[in-house]
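Chemist: The following block contains the structure, expressed as C-alpha cells.
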Amino acid sequence: MSRLAIIEPMTLVGHELRQALADHLDLFSEVDLYTSDPDTIGTVTEAGGRAAMVQQLETDSLGAIDLAIFCNSRVDVAALESLPSTATRVLIDPEEPVYGAIAIVAGVNSAMAVGERLLVSPNPAVILIAHLLHPLLQLGVKEVVAHVLQPASDHGQRGLEELFEQTRAIVSMADERPDSVFGTQLAFNLVPWSRSTQQLNDQLAEVLDNSIPVQLLSTQAGVFHSVSAGLLVRFDEDPGLDGVTDRLRQSCRIEIAEEPDFLGPVTAAAAEKVLVGSVLPAARSSYWIWSAMDNLISGGASNALAMMSAHLQG
C-alpha cells in the first residue's frame, strides 16, 4: 500500500480527482492533501468519500510520500524536486513541458507507465484524439487533421468566473467586461488558444509512438466545460463507413452519442467516456469524426488515476 499526496486538491481537476478516488482507495494506505494557496489551507473537505483537511505545502512534509499527483497546470517545481527519488509523480496537464516526463493516455500506452517515476496526464485534447485514433490504427490510418475547441475550464476556476461575468455583463448590457484571463471577450466568441499547440503535437506523437502524422489546431471556445474536436482521418484504403464506426464502437473508452446530430460540450459534461457524434465520408478514403469529452473527468482525473493504477499494478 502506498501513501498518496494530492497537490492543489481544490482546483477543478483536483475536485474531480478527489471524488474519483473512491474507486481506487484500495491502492493507497493514506491520502494527504497539500496546497500553497493560503485561502484553502485548513479547509476540511473529502477525498474518496473520507474526510480530509488541506494542509500547507512545505517541502519537508513530502519525505514519506510514495506517489504524488499535481493538479495545478503551473507545477510547483520545489515540491516536485523535494519528493523522494523513489516517489512516482503524476502531473495533470502542465502548462510547460517537463523534462523527462512521459505522457500517458490510459488504455493507449499504459504499458509505458510501468517503472517510470515522472508521468504526465496530457492535455485533454490529446487524450480525446488518442482514444479516437487508437481503435482505428488497424484500419491503416495515413494522416489526420484535427481542430480542437478548448473550454474556459482549461484555465481553471478563474476562466470559468471570467466567462460567467462576461456573459452576465453582455446579457445585462453592462459596459465593463472582465478580460484579465482571456485578454478579450470570450463569451459568445472563438479566439486563438493561448497555449502552445506544439506541446499537444509532441504529446500526441509520444502517446501514439509517432505512428500517425497529425496536424492539430486548438481554438479557445466560449463554453464552460468539455473539449470537442473535429477530425479528418485519411486511410490507406477505404474501410467504409461501417468499418470506421464499428471500430469506434468496439473501444471501451468510446460511446456513440444517443443523438449524434446534437452532440456538443453540454452533452459531454460529466460523461465518463469519449462521446462520438457524426461520422461522415469525405474525399479520398477519408472520414470526418465529430466528438466531445469532459475535460476534467475523462480528460483529467480518470486518466491520472488509471495511469497510476497501471503503474502500480505493472
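Letters for chains follow the order of the C-alpha cells (A, B, ...), residue numbers begin at 1 for each chain, and ligand numbers begin at 1 in the order shown.
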If we count only C-alpha atoms, what is near Trp290 of chain A at a cut-off of 7 Å, once residues fewer than 5 positions away on the same chain are taken out, given as a ChimeraX atom specification?

Modeler: /A:229-231,276-279

Chemist: With a cut-off of 12 Å, could you pull out the residues of segment 134-216 of chain A touching segment 51-72 of chain A and give me the nearest pair of atoms for each, distance in Å to one decimal, using only C-alpha atoms, ordered by chain and ascending number, as CSV?

Modeler:
```
residue,atom,partner,partner_atom,distance
A:Asp154,CA,A:Asn72,CA,10.9
A:His155,CA,A:Asn72,CA,10.2
A:Gly156,CA,A:Asn72,CA,8.7
A:Gln157,CA,A:Asn72,CA,11.2
```

Chemist: Considering only C-alpha atoms, can you say which of A:Gly300, A:Pro124, A:Pro265, A:Ser153 comes closest to Gly14 of chain A?

Modeler: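 Among A:Gly300, A:Pro124, A:Pro265, A:Ser153, it is A:Gly300 that comes nearest to Gly14 of chain A.
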
Chemist: Contacts of segment 106-118 of chain A at 6 Å or less, counting only C-alpha atoms, minus same-chain residues fewer than 3 places along, as a ChimeraX atom specification?

Modeler: /A:88-89,101,303,306-307,311,314

Chemist: List the spatial neighbours of Glu46 of chain A as an MDAnalysis selection string - criterion: any atom at most 12 Å away, only C-alpha atoms, same-chain residues fewer than 6 positions off excluded.

Modeler: chainID A and resid 6 9:10 14:22 31:33 52:54

Chemist: Determine which residues of segment 29-85 of chain A DSSP labels as strand (DSSP E or B) from the backbone of this structure, then write them out as an mmCIF file with N, CA and C atoms, in the first residue's frame.

Modeler:
```
data_model
loop_
_atom_site.group_PDB
_atom_site.id
_atom_site.type_symbol
_atom_site.label_atom_id
_atom_site.label_comp_id
_atom_site.auth_asym_id
_atom_site.auth_seq_id
_atom_site.Cartn_x
_atom_site.Cartn_y
_atom_site.Cartn_z
ATOM 1 N N SER A 29 -2.608 3.517 1.218
ATOM 2 C CA SER A 29 -2.757 3.363 2.667
ATOM 3 C C SER A 29 -3.200 4.668 3.313
ATOM 4 N N GLU A 30 -2.843 5.788 2.671
ATOM 5 C CA GLU A 30 -3.166 7.105 3.209
ATOM 6 C C GLU A 30 -3.202 8.118 2.076
ATOM 7 N N VAL A 31 -4.099 9.104 2.171
ATOM 8 C CA VAL A 31 -4.195 10.168 1.180
ATOM 9 C C VAL A 31 -4.068 11.505 1.891
ATOM 10 N N ASP A 32 -3.063 12.297 1.515
ATOM 11 C CA ASP A 32 -2.828 13.611 2.112
ATOM 12 C C ASP A 32 -3.070 14.689 1.069
ATOM 13 N N LEU A 33 -3.623 15.818 1.505
ATOM 14 C CA LEU A 33 -3.918 16.937 0.619
ATOM 15 C C LEU A 33 -3.024 18.116 0.985
ATOM 16 N N TYR A 34 -2.384 18.715 -0.024
ATOM 17 C CA TYR A 34 -1.468 19.828 0.217
ATOM 18 C C TYR A 34 -1.742 20.973 -0.754
ATOM 19 N N THR A 35 -1.559 22.191 -0.268
ATOM 20 C CA THR A 35 -1.740 23.370 -1.114
ATOM 21 C C THR A 35 -0.783 24.486 -0.685
ATOM 22 N N VAL A 44 -11.557 21.839 5.385
ATOM 23 C CA VAL A 44 -11.979 20.454 5.614
ATOM 24 C C VAL A 44 -12.833 20.029 4.433
ATOM 25 N N THR A 45 -12.415 18.975 3.770
ATOM 26 C CA THR A 45 -13.114 18.516 2.569
ATOM 27 C C THR A 45 -13.166 16.996 2.600
ATOM 28 N N GLU A 46 -13.196 16.368 1.435
ATOM 29 C CA GLU A 46 -13.202 14.910 1.390
ATOM 30 C C GLU A 46 -12.310 14.431 0.261
ATOM 31 N N ALA A 47 -11.820 13.202 0.426
ATOM 32 C CA ALA A 47 -11.028 12.537 -0.604
ATOM 33 C C ALA A 47 -11.473 11.089 -0.662
ATOM 34 N N ARG A 50 -13.894 10.148 2.149
ATOM 35 C CA ARG A 50 -13.410 10.246 3.525
ATOM 36 C C ARG A 50 -13.056 11.694 3.844
ATOM 37 N N ALA A 51 -13.277 12.092 5.083
ATOM 38 C CA ALA A 51 -12.950 13.452 5.495
ATOM 39 C C ALA A 51 -11.442 13.671 5.420
ATOM 40 N N ALA A 52 -11.064 14.864 4.985
ATOM 41 C CA ALA A 52 -9.641 15.192 4.865
ATOM 42 C C ALA A 52 -9.475 16.691 5.013
ATOM 43 N N MET A 53 -8.313 17.108 5.528
ATOM 44 C CA MET A 53 -8.032 18.523 5.681
ATOM 45 C C MET A 53 -6.871 18.905 4.766
ATOM 46 N N VAL A 54 -7.005 20.049 4.114
ATOM 47 C CA VAL A 54 -5.963 20.544 3.224
ATOM 48 C C VAL A 54 -4.858 21.167 4.059
ATOM 49 N N GLN A 55 -3.647 20.635 3.913
ATOM 50 C CA GLN A 55 -2.506 21.089 4.691
ATOM 51 C C GLN A 55 -1.635 22.050 3.870
ATOM 52 N N GLN A 56 -0.865 22.852 4.561
ATOM 53 C CA GLN A 56 0.061 23.754 3.883
ATOM 54 C C GLN A 56 1.183 22.943 3.244
ATOM 55 N N LEU A 67 3.580 8.412 -3.765
ATOM 56 C CA LEU A 67 3.006 8.868 -5.029
ATOM 57 C C LEU A 67 2.441 10.264 -4.838
ATOM 58 N N ALA A 68 2.572 11.100 -5.866
ATOM 59 C CA ALA A 68 2.043 12.462 -5.790
ATOM 60 C C ALA A 68 1.401 12.824 -7.119
ATOM 61 N N ILE A 69 0.205 13.412 -7.029
ATOM 62 C CA ILE A 69 -0.490 13.891 -8.218
ATOM 63 C C ILE A 69 -0.596 15.404 -8.119
ATOM 64 N N PHE A 70 -0.062 16.093 -9.123
ATOM 65 C CA PHE A 70 -0.073 17.553 -9.152
ATOM 66 C C PHE A 70 -1.258 18.018 -9.998
#
```

Chemist: Which value, in Å to one decimal, gives the distance between atom CA of Ile212 of chain A and atom CA of Lys142 of chain A?

Modeler: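 Atom-to-atom, atom CA of Ile212 of chain A to atom CA of Lys142 of chain A, that is 6.6 Å.
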
Chemist: Distance atom CA of Arg234 of chain A-atom CA of Cys252 of chain A, one decimal place?

Modeler: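 Value for the atom CA of Arg234 of chain A-atom CA of Cys252 of chain A distance: 22.9 Å.
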
Chemist: Neighbouring residues of Glu143 of chain A were defined as those with any atom within 9 Å, considering only C-alpha atoms; residues of the same chain fewer than 5 positions away were excluded. Please report them as a PDB file with C-alpha atoms, in the first residue's frame.

Modeler:
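Below you can see part_35.pdb, which holds the result:
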```
ATOM      1  CA  ILE A 212       0.422   8.685 -37.354  1.00  0.00           C
ATOM      2  CA  PRO A 213       1.144  12.178 -38.700  1.00  0.00           C
ATOM      3  CA  VAL A 214      -1.370  14.505 -37.009  1.00  0.00           C
ATOM      4  CA  GLN A 215      -1.882  18.175 -37.800  1.00  0.00           C
ATOM      5  CA  LEU A 232     -10.478  14.376 -40.718  1.00  0.00           C
ATOM      6  CA  VAL A 233      -8.994  10.868 -40.811  1.00  0.00           C
ATOM      7  CA  ARG A 234      -7.489   9.568 -44.043  1.00  0.00           C
ATOM      8  CA  PHE A 235      -6.855   5.832 -44.542  1.00  0.00           C
ATOM      9  CA  ASP A 236      -4.502   3.914 -46.827  1.00  0.00           C
TER      10      ASP A 236
END
```

Chemist: Of the residues A:Ala304, A:Leu160, A:Leu190, A:Val13, which is the one nearest to Pro178 of chain A, using only C-alpha atoms?

Modeler: A:Leu160

Chemist: To test your reading of the structure, identify every residue in segment 142-214 of chain A that backbone DSSP assigns to helix (DSSP H, G or I), and report it as number ranges by chain.

Modeler: A: 152-171, 197-207

Chemist: Using only C-alpha atoms, which protein or nucleic acid residues come within 8 Å of segment 242-248 of chain A? Drop anything in the same chain fewer than 4 positions from it, and give the result as JSON, numbers by chain.

Modeler: {"A": [132, 135, 136, 254, 279]}

Chemist: Could you please take those selected residues and save N, CA and C atoms as a PDB file, in the first residue's frame?

Modeler:
```pdb
ATOM      1  N   LEU A 132      -9.700   8.332 -29.876  1.00  0.00           N
ATOM      2  CA  LEU A 132     -10.382   8.172 -31.162  1.00  0.00           C
ATOM      3  C   LEU A 132      -9.519   7.424 -32.172  1.00  0.00           C
ATOM      4  N   PRO A 135      -8.325   2.932 -31.726  1.00  0.00           N
ATOM      5  CA  PRO A 135      -9.035   1.789 -32.313  1.00  0.00           C
ATOM      6  C   PRO A 135      -9.010   1.766 -33.838  1.00  0.00           C
ATOM      7  N   LEU A 136      -8.632   2.881 -34.461  1.00  0.00           N
ATOM      8  CA  LEU A 136      -8.624   2.950 -35.917  1.00  0.00           C
ATOM      9  C   LEU A 136      -7.281   2.562 -36.533  1.00  0.00           C
ATOM     10  N   ILE A 254     -14.992   4.584 -25.607  1.00  0.00           N
ATOM     11  CA  ILE A 254     -15.808   5.412 -26.501  1.00  0.00           C
ATOM     12  C   ILE A 254     -17.266   4.991 -26.426  1.00  0.00           C
ATOM     13  N   VAL A 279     -20.222  10.673 -37.988  1.00  0.00           N
ATOM     14  CA  VAL A 279     -19.086  10.157 -38.764  1.00  0.00           C
ATOM     15  C   VAL A 279     -19.511  10.241 -40.225  1.00  0.00           C
TER      16      VAL A 279
END
```
